[in-house]
$ cat final_11.pdb   # PDB, C-alpha atoms, pLDDT in the B column
MODEL        1
ATOM      1  CA  MET A1202      16.479  44.898   9.870  1.00 54.00           C
ATOM      2  CA  THR A1203      14.839  47.311  12.225  1.00 56.00           C
ATOM      3  CA  ARG A1204      11.176  47.136  12.924  1.00 56.00           C
ATOM      4  CA  PRO A1205       9.104  50.181  12.012  1.00 56.00           C
ATOM      5  CA  ALA A1206       8.169  52.304  14.960  1.00 55.00           C
ATOM      6  CA  ALA A1207       4.799  51.387  16.353  1.00 53.00           C
ATOM      7  CA  THR A1208       2.217  54.078  15.941  1.00 57.00           C
ATOM      8  CA  ALA A1209       0.507  55.110  19.135  1.00 57.00           C
ATOM      9  CA  GLU A1210      -3.134  54.110  19.170  1.00 60.00           C
ATOM     10  CA  PRO A1211      -5.623  56.717  20.349  1.00 57.00           C
ATOM     11  CA  PRO A1212      -6.920  56.080  23.858  1.00 61.00           C
ATOM     12  CA  ALA A1213     -10.186  54.183  24.064  1.00 64.00           C
ATOM     13  CA  PHE A1214     -13.305  56.207  24.784  1.00 66.00           C
ATOM     14  CA  GLY A1215     -14.970  54.288  27.598  1.00 74.00           C
ATOM     15  CA  PRO A1216     -18.178  54.649  29.599  1.00 78.00           C
ATOM     16  CA  ASP A1217     -16.519  56.910  32.170  1.00 80.00           C
ATOM     17  CA  ASP A1218     -15.389  59.280  29.425  1.00 77.00           C
ATOM     18  CA  ALA A1219     -18.874  59.347  27.928  1.00 77.00           C
ATOM     19  CA  ARG A1220     -20.386  60.033  31.347  1.00 81.00           C
ATOM     20  CA  ALA A1221     -17.931  62.871  31.935  1.00 82.00           C
ATOM     21  CA  ALA A1222     -18.690  64.362  28.510  1.00 79.00           C
ATOM     22  CA  LEU A1223     -22.420  64.210  29.226  1.00 80.00           C
ATOM     23  CA  HIS A1224     -21.896  65.926  32.573  1.00 81.00           C
ATOM     24  CA  ARG A1225     -19.886  68.701  30.903  1.00 84.00           C
ATOM     25  CA  LEU A1226     -22.607  69.102  28.282  1.00 82.00           C
ATOM     26  CA  ARG A1227     -25.321  69.439  30.933  1.00 81.00           C
ATOM     27  CA  THR A1228     -23.240  72.023  32.760  1.00 81.00           C
ATOM     28  CA  GLU A1229     -22.788  74.124  29.637  1.00 80.00           C
ATOM     29  CA  VAL A1230     -26.475  73.910  28.671  1.00 82.00           C
ATOM     30  CA  GLY A1231     -27.373  74.975  32.202  1.00 79.00           C
ATOM     31  CA  LYS A1232     -25.520  78.262  31.650  1.00 78.00           C
ATOM     32  CA  ALA A1233     -28.207  79.336  29.164  1.00 80.00           C
ATOM     33  CA  VAL A1234     -31.252  77.112  29.751  1.00 80.00           C
ATOM     34  CA  VAL A1235     -32.900  76.898  33.169  1.00 78.00           C
ATOM     35  CA  GLY A1236     -34.401  73.471  33.894  1.00 76.00           C
ATOM     36  CA  GLN A1237     -35.678  71.222  31.054  1.00 75.00           C
ATOM     37  CA  ASP A1238     -33.398  68.369  32.206  1.00 78.00           C
ATOM     38  CA  SER A1239     -35.601  65.659  30.670  1.00 83.00           C
ATOM     39  CA  VAL A1240     -35.640  67.451  27.318  1.00 84.00           C
ATOM     40  CA  VAL A1241     -31.844  67.759  27.372  1.00 83.00           C
ATOM     41  CA  THR A1242     -31.593  64.026  28.086  1.00 84.00           C
ATOM     42  CA  GLY A1243     -33.904  63.198  25.182  1.00 86.00           C
ATOM     43  CA  LEU A1244     -31.961  65.449  22.843  1.00 85.00           C
ATOM     44  CA  VAL A1245     -28.680  63.792  23.802  1.00 83.00           C
ATOM     45  CA  ILE A1246     -30.222  60.353  23.202  1.00 86.00           C
ATOM     46  CA  ALA A1247     -31.315  61.461  19.735  1.00 87.00           C
ATOM     47  CA  LEU A1248     -27.817  62.760  18.972  1.00 84.00           C
ATOM     48  CA  LEU A1249     -26.173  59.520  20.110  1.00 84.00           C
ATOM     49  CA  CYS A1250     -28.611  57.440  18.044  1.00 87.00           C
ATOM     50  CA  ARG A1251     -28.266  59.721  15.000  1.00 87.00           C
ATOM     51  CA  GLY A1252     -32.013  60.289  15.111  1.00 90.00           C
ATOM     52  CA  HIS A1253     -34.059  63.384  14.424  1.00 92.00           C
ATOM     53  CA  VAL A1254     -36.103  64.992  17.174  1.00 92.00           C
ATOM     54  CA  LEU A1255     -39.344  66.990  17.248  1.00 92.00           C
ATOM     55  CA  LEU A1256     -39.713  69.487  20.094  1.00 89.00           C
ATOM     56  CA  GLU A1257     -43.249  70.551  20.887  1.00 88.00           C
ATOM     57  CA  GLY A1258     -44.071  73.370  23.263  1.00 83.00           C
ATOM     58  CA  VAL A1259     -45.680  76.763  23.535  1.00 82.00           C
ATOM     59  CA  PRO A1260     -43.629  79.866  22.678  1.00 80.00           C
ATOM     60  CA  GLY A1261     -41.175  81.053  25.296  1.00 77.00           C
ATOM     61  CA  VAL A1262     -40.013  77.725  26.763  1.00 78.00           C
ATOM     62  CA  ALA A1263     -36.503  77.959  25.241  1.00 78.00           C
ATOM     63  CA  LYS A1264     -36.855  75.389  22.444  1.00 83.00           C
ATOM     64  CA  THR A1265     -34.702  77.340  20.009  1.00 83.00           C
ATOM     65  CA  LEU A1266     -32.258  78.431  22.705  1.00 84.00           C
ATOM     66  CA  LEU A1267     -31.807  74.815  23.822  1.00 85.00           C
ATOM     67  CA  ILE A1268     -30.853  73.633  20.325  1.00 85.00           C
ATOM     68  CA  ARG A1269     -28.450  76.522  19.789  1.00 86.00           C
ATOM     69  CA  THR A1270     -26.788  75.897  23.150  1.00 86.00           C
ATOM     70  CA  VAL A1271     -26.322  72.172  22.537  1.00 86.00           C
ATOM     71  CA  ALA A1272     -24.808  72.881  19.116  1.00 86.00           C
ATOM     72  CA  THR A1273     -22.372  75.359  20.656  1.00 86.00           C
ATOM     73  CA  ALA A1274     -21.416  73.021  23.518  1.00 86.00           C
ATOM     74  CA  LEU A1275     -20.694  70.171  21.070  1.00 85.00           C
ATOM     75  CA  ASP A1276     -18.888  72.405  18.565  1.00 83.00           C
ATOM     76  CA  LEU A1277     -21.344  71.403  15.842  1.00 84.00           C
ATOM     77  CA  ASP A1278     -22.052  73.470  12.752  1.00 85.00           C
ATOM     78  CA  SER A1279     -25.647  74.592  13.135  1.00 86.00           C
ATOM     79  CA  LYS A1280     -28.069  76.454  10.894  1.00 88.00           C
ATOM     80  CA  ARG A1281     -31.583  77.699  11.526  1.00 89.00           C
ATOM     81  CA  VAL A1282     -34.511  77.833   9.104  1.00 89.00           C
ATOM     82  CA  GLN A1283     -37.643  79.752  10.045  1.00 90.00           C
ATOM     83  CA  PHE A1284     -40.416  77.869   8.284  1.00 90.00           C
ATOM     84  CA  THR A1285     -43.018  80.228   6.806  1.00 88.00           C
ATOM     85  CA  PRO A1286     -45.915  79.778   4.324  1.00 89.00           C
ATOM     86  CA  ASP A1287     -43.880  81.276   1.461  1.00 89.00           C
ATOM     87  CA  LEU A1288     -40.778  79.106   1.980  1.00 89.00           C
ATOM     88  CA  MET A1289     -39.858  77.044  -1.100  1.00 90.00           C
ATOM     89  CA  PRO A1290     -38.161  73.597  -1.173  1.00 87.00           C
ATOM     90  CA  GLY A1291     -35.068  75.073  -2.807  1.00 86.00           C
ATOM     91  CA  ASP A1292     -34.715  77.482   0.103  1.00 88.00           C
ATOM     92  CA  VAL A1293     -34.131  74.436   2.324  1.00 89.00           C
ATOM     93  CA  THR A1294     -32.164  71.973   0.206  1.00 88.00           C
ATOM     94  CA  GLY A1295     -30.400  74.335  -2.201  1.00 85.00           C
ATOM     95  CA  SER A1296     -30.825  74.907  -5.929  1.00 84.00           C
ATOM     96  CA  LEU A1297     -29.022  75.305  -9.223  1.00 81.00           C
ATOM     97  CA  ILE A1298     -27.951  78.884  -9.968  1.00 84.00           C
ATOM     98  CA  PHE A1299     -26.928  80.101 -13.421  1.00 81.00           C
ATOM     99  CA  ASP A1300     -23.473  81.657 -13.446  1.00 79.00           C
ATOM    100  CA  PRO A1301     -23.243  84.170 -16.322  1.00 83.00           C
ATOM    101  CA  HIS A1302     -19.416  84.204 -16.135  1.00 81.00           C
ATOM    102  CA  THR A1303     -19.118  80.483 -16.893  1.00 80.00           C
ATOM    103  CA  ALA A1304     -22.455  80.079 -18.716  1.00 77.00           C
ATOM    104  CA  ALA A1305     -23.117  77.036 -16.536  1.00 82.00           C
ATOM    105  CA  PHE A1306     -25.351  76.086 -13.636  1.00 82.00           C
ATOM    106  CA  THR A1307     -23.737  75.651 -10.239  1.00 82.00           C
ATOM    107  CA  PHE A1308     -25.304  74.181  -7.134  1.00 81.00           C
ATOM    108  CA  ARG A1309     -25.767  76.513  -4.189  1.00 84.00           C
ATOM    109  CA  GLU A1310     -26.062  74.547  -0.980  1.00 84.00           C
ATOM    110  CA  GLY A1311     -29.062  75.149   1.236  1.00 85.00           C
ATOM    111  CA  PRO A1312     -29.090  75.310   5.026  1.00 89.00           C
ATOM    112  CA  VAL A1313     -29.519  71.515   5.283  1.00 90.00           C
ATOM    113  CA  PHE A1314     -25.793  71.164   4.621  1.00 91.00           C
ATOM    114  CA  THR A1315     -24.875  71.349   8.286  1.00 89.00           C
ATOM    115  CA  ASN A1316     -24.560  69.101  11.341  1.00 89.00           C
ATOM    116  CA  LEU A1317     -27.540  70.308  13.338  1.00 89.00           C
ATOM    117  CA  LEU A1318     -30.454  71.826  11.428  1.00 90.00           C
ATOM    118  CA  LEU A1319     -32.934  73.795  13.509  1.00 90.00           C
ATOM    119  CA  ALA A1320     -36.263  73.654  11.673  1.00 90.00           C
ATOM    120  CA  ASP A1321     -38.148  76.328  13.595  1.00 89.00           C
ATOM    121  CA  GLU A1322     -41.971  76.076  13.553  1.00 90.00           C
ATOM    122  CA  ILE A1323     -41.884  73.347  10.941  1.00 89.00           C
ATOM    123  CA  ASN A1324     -45.682  73.108  10.808  1.00 88.00           C
ATOM    124  CA  ARG A1325     -46.009  76.668   9.459  1.00 89.00           C
ATOM    125  CA  THR A1326     -44.820  75.753   5.967  1.00 88.00           C
ATOM    126  CA  PRO A1327     -46.952  73.986   3.306  1.00 88.00           C
ATOM    127  CA  PRO A1328     -46.578  70.247   2.633  1.00 87.00           C
ATOM    128  CA  LYS A1329     -44.633  70.964  -0.573  1.00 86.00           C
ATOM    129  CA  THR A1330     -41.784  72.439   1.462  1.00 87.00           C
ATOM    130  CA  GLN A1331     -42.165  69.955   4.309  1.00 87.00           C
ATOM    131  CA  SER A1332     -41.664  67.118   1.814  1.00 85.00           C
ATOM    132  CA  ALA A1333     -38.257  68.563   0.892  1.00 85.00           C
ATOM    133  CA  LEU A1334     -37.033  67.176   4.210  1.00 87.00           C
ATOM    134  CA  LEU A1335     -38.201  63.602   3.567  1.00 86.00           C
ATOM    135  CA  GLU A1336     -35.143  62.520   1.569  1.00 86.00           C
ATOM    136  CA  VAL A1337     -32.868  64.656   3.717  1.00 87.00           C
ATOM    137  CA  MET A1338     -33.992  63.029   6.974  1.00 88.00           C
ATOM    138  CA  GLU A1339     -34.077  59.464   5.673  1.00 88.00           C
ATOM    139  CA  GLU A1340     -31.175  59.247   3.204  1.00 88.00           C
ATOM    140  CA  ARG A1341     -29.072  62.138   4.545  1.00 89.00           C
ATOM    141  CA  GLN A1342     -28.536  63.434   1.054  1.00 87.00           C
ATOM    142  CA  VAL A1343     -29.968  65.911  -1.440  1.00 88.00           C
ATOM    143  CA  SER A1344     -30.800  64.895  -5.016  1.00 85.00           C
ATOM    144  CA  VAL A1345     -30.834  67.693  -7.585  1.00 81.00           C
ATOM    145  CA  GLU A1346     -30.931  67.040 -11.338  1.00 78.00           C
ATOM    146  CA  GLY A1347     -30.063  63.386 -10.751  1.00 77.00           C
ATOM    147  CA  ALA A1348     -26.920  64.174  -8.757  1.00 81.00           C
ATOM    148  CA  ARG A1349     -26.699  62.990  -5.147  1.00 87.00           C
ATOM    149  CA  ARG A1350     -25.022  65.287  -2.682  1.00 88.00           C
ATOM    150  CA  PRO A1351     -24.325  63.748   0.752  1.00 89.00           C
ATOM    151  CA  LEU A1352     -24.823  65.801   3.877  1.00 89.00           C
ATOM    152  CA  PRO A1353     -22.166  66.273   6.575  1.00 88.00           C
ATOM    153  CA  ASP A1354     -21.785  63.614   9.247  1.00 85.00           C
ATOM    154  CA  PRO A1355     -23.344  63.760  11.750  1.00 86.00           C
ATOM    155  CA  PHE A1356     -26.584  65.284  10.513  1.00 89.00           C
ATOM    156  CA  ILE A1357     -29.564  65.797  12.804  1.00 89.00           C
ATOM    157  CA  VAL A1358     -32.822  67.687  12.285  1.00 91.00           C
ATOM    158  CA  ALA A1359     -34.250  69.293  15.410  1.00 90.00           C
ATOM    159  CA  ALA A1360     -37.690  70.664  14.564  1.00 90.00           C
ATOM    160  CA  THR A1361     -39.983  72.736  16.768  1.00 89.00           C
ATOM    161  CA  GLN A1362     -43.707  73.290  16.610  1.00 87.00           C
ATOM    162  CA  ASN A1363     -46.382  75.077  18.625  1.00 82.00           C
ATOM    163  CA  PRO A1364     -49.105  72.623  19.787  1.00 78.00           C
ATOM    164  CA  VAL A1365     -51.779  75.175  20.723  1.00 75.00           C
ATOM    165  CA  GLU A1366     -51.987  77.449  17.687  1.00 72.00           C
ATOM    166  CA  TYR A1367     -53.529  75.892  14.574  1.00 72.00           C
ATOM    167  CA  GLU A1368     -54.388  78.916  12.428  1.00 75.00           C
ATOM    168  CA  GLY A1369     -52.040  79.088   9.448  1.00 73.00           C
ATOM    169  CA  THR A1370     -50.391  75.760  10.242  1.00 82.00           C
ATOM    170  CA  TYR A1371     -50.021  72.531   8.271  1.00 85.00           C
ATOM    171  CA  PRO A1372     -49.968  69.379  10.439  1.00 85.00           C
ATOM    172  CA  LEU A1373     -47.084  67.059   9.640  1.00 85.00           C
ATOM    173  CA  PRO A1374     -48.113  63.948   7.656  1.00 82.00           C
ATOM    174  CA  GLU A1375     -47.461  60.500   9.072  1.00 84.00           C
ATOM    175  CA  ALA A1376     -44.680  59.902   6.529  1.00 80.00           C
ATOM    176  CA  GLN A1377     -42.728  62.812   7.936  1.00 83.00           C
ATOM    177  CA  LEU A1378     -43.536  62.133  11.583  1.00 87.00           C
ATOM    178  CA  ASP A1379     -42.066  58.668  11.025  1.00 88.00           C
ATOM    179  CA  ARG A1380     -38.702  60.301  10.239  1.00 90.00           C
ATOM    180  CA  PHE A1381     -38.385  61.553  13.815  1.00 92.00           C
ATOM    181  CA  LEU A1382     -36.881  59.237  16.399  1.00 91.00           C
ATOM    182  CA  LEU A1383     -38.273  61.162  19.377  1.00 90.00           C
ATOM    183  CA  LYS A1384     -40.978  63.689  20.100  1.00 90.00           C
ATOM    184  CA  LEU A1385     -40.095  65.726  23.177  1.00 88.00           C
ATOM    185  CA  THR A1386     -42.675  67.844  24.963  1.00 87.00           C
ATOM    186  CA  VAL A1387     -41.107  70.996  26.373  1.00 83.00           C
ATOM    187  CA  PRO A1388     -43.166  71.932  29.445  1.00 81.00           C
ATOM    188  CA  LEU A1389     -43.683  75.302  31.079  1.00 82.00           C
ATOM    189  CA  PRO A1390     -41.115  75.993  33.806  1.00 80.00           C
ATOM    190  CA  ASN A1391     -42.164  75.664  37.417  1.00 81.00           C
ATOM    191  CA  ARG A1392     -42.049  78.556  39.884  1.00 86.00           C
ATOM    192  CA  GLU A1393     -38.427  78.084  40.928  1.00 85.00           C
ATOM    193  CA  GLU A1394     -37.284  77.771  37.319  1.00 79.00           C
ATOM    194  CA  GLU A1395     -39.174  80.930  36.352  1.00 81.00           C
ATOM    195  CA  LEU A1396     -37.452  82.775  39.173  1.00 86.00           C
ATOM    196  CA  GLY A1397     -34.139  81.427  37.887  1.00 83.00           C
ATOM    197  CA  VAL A1398     -34.917  82.797  34.407  1.00 80.00           C
ATOM    198  CA  LEU A1399     -35.746  86.216  35.873  1.00 84.00           C
ATOM    199  CA  ARG A1400     -32.549  86.231  37.936  1.00 85.00           C
ATOM    200  CA  ALA A1401     -30.482  85.370  34.851  1.00 81.00           C
ATOM    201  CA  HIS A1402     -31.999  88.196  32.811  1.00 79.00           C
ATOM    202  CA  HIS A1403     -31.577  90.588  35.728  1.00 82.00           C
ATOM    203  CA  ALA A1404     -27.879  89.646  35.794  1.00 79.00           C
ATOM    204  CA  GLY A1405     -27.574  90.600  32.113  1.00 77.00           C
ATOM    205  CA  PHE A1406     -28.072  87.275  30.321  1.00 77.00           C
ATOM    206  CA  ASP A1407     -28.702  87.762  26.581  1.00 77.00           C
ATOM    207  CA  PRO A1408     -30.057  84.652  24.799  1.00 74.00           C
ATOM    208  CA  ARG A1409     -28.717  85.999  21.504  1.00 76.00           C
ATOM    209  CA  ASP A1410     -25.135  86.036  22.808  1.00 75.00           C
ATOM    210  CA  LEU A1411     -24.179  82.598  24.108  1.00 77.00           C
ATOM    211  CA  ALA A1412     -20.485  83.447  24.191  1.00 77.00           C
ATOM    212  CA  ALA A1413     -21.154  86.221  26.703  1.00 76.00           C
ATOM    213  CA  ALA A1414     -23.047  83.690  28.826  1.00 75.00           C
ATOM    214  CA  GLY A1415     -19.884  81.575  29.004  1.00 77.00           C
ATOM    215  CA  VAL A1416     -21.092  78.681  26.794  1.00 80.00           C
ATOM    216  CA  ARG A1417     -18.046  76.973  25.303  1.00 85.00           C
ATOM    217  CA  PRO A1418     -17.431  73.751  23.347  1.00 81.00           C
ATOM    218  CA  VAL A1419     -16.858  70.960  25.863  1.00 80.00           C
ATOM    219  CA  ALA A1420     -16.978  67.929  23.529  1.00 77.00           C
ATOM    220  CA  THR A1421     -16.679  67.113  19.863  1.00 76.00           C
ATOM    221  CA  ALA A1422     -19.116  65.559  17.465  1.00 73.00           C
TER     222      ALA A1422
ENDMDL
END
$ encode --input "final_11.pdb" --output "structure tokens"
Amino acid sequence: MTRPAATAEPPAFGPDDARAALHRLRTEVGKAVVGQDSVVTGLVIALLCRGHVLLEGVPGVAKTLLIRTVATALDLDSKRVQFTPDLMPGDVTGSLIFDPHTAAFTFREGPVFTNLLLADEINRTPPKTQSALLEVMEERQVSVEGARRPLPDPFIVAATQNPVEYEGTYPLPEAQLDRFLLKLTVPLPNREEELGVLRAHHAGFDPRDLAAAGVRPVATA
């Protein structure tokens, strides 16, 4: 009798490989985001720990751009939700839609069905819509009409909020703040970093076109 051919085991992913992947990620993020090294480190920690992260900073410090760049560099499916006062829970989680052709209700997935959800200005939506994220962030699933629908793996919520403008905002309750693993404060850039931002824009950098900036996937989920 001949023994079955041994299947080749995938190579082990050791500390050196993880360090190299982190270095590649930092390099790619640096193509679009100037500075903010501590925020990038915190975001990577949250991703490794499968924890959600809350980014707090004034407008214009590249909070949204940072999340989009990290998602692109890690080849993660990413979706963005702009939280507004008229946003409904079903706009976030999805809802049942009546199909006249089949005379039945079908579930239309909301933007939470992704790997990296960017919840932009999360404190600008009422508590009713904020609470739609409670089950999503804790159980990583959506329950509609008694049916549980699991979210993709990995699933991370990266939410942003403005700490200095309170008109028309709804502070997050403690129950929702508890869902976040980290709260990262995104500071204003220093003088050298501001000059770097100006030089990048003068060279033609467009924050809406990361591919043109040379940002490529350098690691997998």
$ resolve_selection --input "final_11.pdb" --expression "the PyMOL selection byres ((chain A and resi 1395-1398) around 12)" --output "MDAnalysis selection string"
chainID A and resid 1231:1237 1261:1263 1389:1394 1399:1408
$ write_last_selection --input "final_11.pdb" --atoms "C-alpha atoms" --output "PDB file, in the coordinates of the input"
ATOM      1  CA  GLY A1231     -27.373  74.975  32.202  1.00 79.00           C
ATOM      2  CA  LYS A1232     -25.520  78.262  31.650  1.00 78.00           C
ATOM      3  CA  ALA A1233     -28.207  79.336  29.164  1.00 80.00           C
ATOM      4  CA  VAL A1234     -31.252  77.112  29.751  1.00 80.00           C
ATOM      5  CA  VAL A1235     -32.900  76.898  33.169  1.00 78.00           C
ATOM      6  CA  GLY A1236     -34.401  73.471  33.894  1.00 76.00           C
ATOM      7  CA  GLN A1237     -35.678  71.222  31.054  1.00 75.00           C
ATOM      8  CA  GLY A1261     -41.175  81.053  25.296  1.00 77.00           C
ATOM      9  CA  VAL A1262     -40.013  77.725  26.763  1.00 78.00           C
ATOM     10  CA  ALA A1263     -36.503  77.959  25.241  1.00 78.00           C
ATOM     11  CA  LEU A1389     -43.683  75.302  31.079  1.00 82.00           C
ATOM     12  CA  PRO A1390     -41.115  75.993  33.806  1.00 80.00           C
ATOM     13  CA  ASN A1391     -42.164  75.664  37.417  1.00 81.00           C
ATOM     14  CA  ARG A1392     -42.049  78.556  39.884  1.00 86.00           C
ATOM     15  CA  GLU A1393     -38.427  78.084  40.928  1.00 85.00           C
ATOM     16  CA  GLU A1394     -37.284  77.771  37.319  1.00 79.00           C
ATOM     17  CA  LEU A1399     -35.746  86.216  35.873  1.00 84.00           C
ATOM     18  CA  ARG A1400     -32.549  86.231  37.936  1.00 85.00           C
ATOM     19  CA  ALA A1401     -30.482  85.370  34.851  1.00 81.00           C
ATOM     20  CA  HIS A1402     -31.999  88.196  32.811  1.00 79.00           C
ATOM     21  CA  HIS A1403     -31.577  90.588  35.728  1.00 82.00           C
ATOM     22  CA  ALA A1404     -27.879  89.646  35.794  1.00 79.00           C
ATOM     23  CA  GLY A1405     -27.574  90.600  32.113  1.00 77.00           C
ATOM     24  CA  PHE A1406     -28.072  87.275  30.321  1.00 77.00           C
ATOM     25  CA  ASP A1407     -28.702  87.762  26.581  1.00 77.00           C
ATOM     26  CA  PRO A1408     -30.057  84.652  24.799  1.00 74.00           C
TER      27      PRO A1408
END
$ closest_atom_pairs --input "final_11.pdb" --of "segment 1243-1315 of chain A" --to "segment 1374-1384 of chain A" --cutoff "12 Å" --atoms "all atoms listed in the file" --output "JSON lines"
{"residue": "A:Gly1243", "atom": "CA", "partner": "A:Leu1383", "partner_atom": "CA", "distance": 7.5}
{"residue": "A:Leu1244", "atom": "CA", "partner": "A:Leu1383", "partner_atom": "CA", "distance": 8.4}
{"residue": "A:Val1245", "atom": "CA", "partner": "A:Leu1383", "partner_atom": "CA", "distance": 10.9}
{"residue": "A:Ile1246", "atom": "CA", "partner": "A:Leu1383", "partner_atom": "CA", "distance": 9.0}
{"residue": "A:Ala1247", "atom": "CA", "partner": "A:Leu1382", "partner_atom": "CA", "distance": 6.9}
{"residue": "A:Leu1248", "atom": "CA", "partner": "A:Leu1382", "partner_atom": "CA", "distance": 10.1}
{"residue": "A:Leu1249", "atom": "CA", "partner": "A:Leu1382", "partner_atom": "CA", "distance": 11.3}
{"residue": "A:Cys1250", "atom": "CA", "partner": "A:Leu1382", "partner_atom": "CA", "distance": 8.6}
{"residue": "A:Arg1251", "atom": "CA", "partner": "A:Leu1382", "partner_atom": "CA", "distance": 8.7}
{"residue": "A:Gly1252", "atom": "CA", "partner": "A:Leu1382", "partner_atom": "CA", "distance": 5.1}
{"residue": "A:His1253", "atom": "CA", "partner": "A:Phe1381", "partner_atom": "CA", "distance": 4.7}
{"residue": "A:Val1254", "atom": "CA", "partner": "A:Leu1383", "partner_atom": "CA", "distance": 4.9}
{"residue": "A:Leu1255", "atom": "CA", "partner": "A:Lys1384", "partner_atom": "CA", "distance": 4.7}
{"residue": "A:Leu1256", "atom": "CA", "partner": "A:Lys1384", "partner_atom": "CA", "distance": 5.9}
{"residue": "A:Glu1257", "atom": "CA", "partner": "A:Lys1384", "partner_atom": "CA", "distance": 7.3}
{"residue": "A:Gly1258", "atom": "CA", "partner": "A:Lys1384", "partner_atom": "CA", "distance": 10.6}
$ closest_atom_pairs --input "final_11.pdb" --of "segment 1260-1299 of chain A" --to "segment 1352-1360 of chain A" --cutoff "12 Å" --atoms "all atoms listed in the file" --output "tab-separated table"
residue	atom	partner	partner_atom	distance
A:Lys1264	CA	A:Ala1360	CA	9.2
A:Thr1265	CA	A:Ala1360	CA	9.1
A:Leu1266	CA	A:Ala1359	CA	11.9
A:Leu1267	CA	A:Ala1359	CA	10.4
A:Ile1268	CA	A:Ala1359	CA	7.4
A:Arg1269	CA	A:Ala1359	CA	10.3
A:Val1271	CA	A:Ala1359	CA	11.0
A:Ala1272	CA	A:Ile1357	CA	10.6
A:Leu1275	CA	A:Pro1355	CA	11.6
A:Asp1276	CA	A:Pro1355	CA	11.9
A:Leu1277	CA	A:Pro1355	CA	8.9
A:Asp1278	CA	A:Pro1353	CA	9.5
A:Ser1279	CA	A:Ile1357	CA	9.6
A:Lys1280	CA	A:Val1358	CA	10.1
A:Arg1281	CA	A:Ala1359	CA	9.6
A:Val1282	CA	A:Ala1360	CA	9.6
A:Gln1283	CA	A:Ala1360	CA	10.1
A:Phe1284	CA	A:Ala1360	CA	9.9
A:Thr1294	CA	A:Leu1352	CA	10.3
A:Gly1295	CA	A:Leu1352	CA	11.9
$ write_last_selection --input "final_11.pdb" --atoms "C-alpha atoms" --output "mmCIF file, in the coordinates of the input"
data_model
loop_
_atom_site.group_PDB
_atom_site.id
_atom_site.type_symbol
_atom_site.label_atom_id
_atom_site.label_comp_id
_atom_site.auth_asym_id
_atom_site.auth_seq_id
_atom_site.Cartn_x
_atom_site.Cartn_y
_atom_site.Cartn_z
ATOM 1 C CA LYS A 1264 -36.855 75.389 22.444
ATOM 2 C CA THR A 1265 -34.702 77.340 20.009
ATOM 3 C CA LEU A 1266 -32.258 78.431 22.705
ATOM 4 C CA LEU A 1267 -31.807 74.815 23.822
ATOM 5 C CA ILE A 1268 -30.853 73.633 20.325
ATOM 6 C CA ARG A 1269 -28.450 76.522 19.789
ATOM 7 C CA VAL A 1271 -26.322 72.172 22.537
ATOM 8 C CA ALA A 1272 -24.808 72.881 19.116
ATOM 9 C CA LEU A 1275 -20.694 70.171 21.070
ATOM 10 C CA ASP A 1276 -18.888 72.405 18.565
ATOM 11 C CA LEU A 1277 -21.344 71.403 15.842
ATOM 12 C CA ASP A 1278 -22.052 73.470 12.752
ATOM 13 C CA SER A 1279 -25.647 74.592 13.135
ATOM 14 C CA LYS A 1280 -28.069 76.454 10.894
ATOM 15 C CA ARG A 1281 -31.583 77.699 11.526
ATOM 16 C CA VAL A 1282 -34.511 77.833 9.104
ATOM 17 C CA GLN A 1283 -37.643 79.752 10.045
ATOM 18 C CA PHE A 1284 -40.416 77.869 8.284
ATOM 19 C CA THR A 1294 -32.164 71.973 0.206
ATOM 20 C CA GLY A 1295 -30.400 74.335 -2.201
#
$ residues_near_point --input "final_11.pdb" --point "(-25.5, 63.6, 2.5)" --cutoff "8 Å" --atoms "all atoms listed in the file" --output "list in words"
Phe1314, Val1337, Glu1340, Arg1341, Gln1342, Val1343, Arg1349, Arg1350, Pro1351, Leu1352, Pro1353 and Asp1354 of chain A
$ closest_residue --input "final_11.pdb" --among "A:Gly1215, A:Ala1413, A:Gly1291, A:Ala1274" --to "Arg1227 of chain A" --atoms "only C-alpha atoms"
A:Ala1274
$ resolve_selection --input "final_11.pdb" --expression "the PyMOL selection byres ((chain A and resi 1419) around 8)" --output "list in words"
Ala1222, Arg1225, Leu1226, Glu1229, Ala1274, Leu1275, Asp1276, Arg1417, Pro1418, Ala1420 and Thr1421 of chain A
$ write_last_selection --input "final_11.pdb" --atoms "C-alpha atoms" --output "PDB file, in the coordinates of the input"
ATOM      1  CA  ALA A1222     -18.690  64.362  28.510  1.00 79.00           C
ATOM      2  CA  ARG A1225     -19.886  68.701  30.903  1.00 84.00           C
ATOM      3  CA  LEU A1226     -22.607  69.102  28.282  1.00 82.00           C
ATOM      4  CA  GLU A1229     -22.788  74.124  29.637  1.00 80.00           C
ATOM      5  CA  ALA A1274     -21.416  73.021  23.518  1.00 86.00           C
ATOM      6  CA  LEU A1275     -20.694  70.171  21.070  1.00 85.00           C
ATOM      7  CA  ASP A1276     -18.888  72.405  18.565  1.00 83.00           C
ATOM      8  CA  ARG A1417     -18.046  76.973  25.303  1.00 85.00           C
ATOM      9  CA  PRO A1418     -17.431  73.751  23.347  1.00 81.00           C
ATOM     10  CA  ALA A1420     -16.978  67.929  23.529  1.00 77.00           C
ATOM     11  CA  THR A1421     -16.679  67.113  19.863  1.00 76.00           C
TER      12      THR A1421
END
$ closest_residue --input "final_11.pdb" --among "A:Leu1385, A:Leu1335, A:Lys1329, A:Ile1298" --to "Val1313 of chain A" --atoms "all atoms listed in the file"
A:Leu1335
$ resolve_selection --input "final_11.pdb" --expression "the PyMOL selection byres ((chain A and resi 1371-1373) around 10)" --output "ChimeraX atom specification"
/A:1286,1323-1328,1331-1332,1362,1364,1367-1370,1374-1379
$ atom_distance --input "final_11.pdb" --atom1 "atom CA of Ser1344 of chain A" --atom2 "atom CA of Ser1296 of chain A"
10.1 Å
$ residues_around --input "final_11.pdb" --residues "Asn1363 of chain A" --least-positions-apart "2" --cutoff "7 Å" --atoms "all atoms listed in the file" --output "PyMOL selection string"
chain A and resi 1257-1260+1322+1365-1366
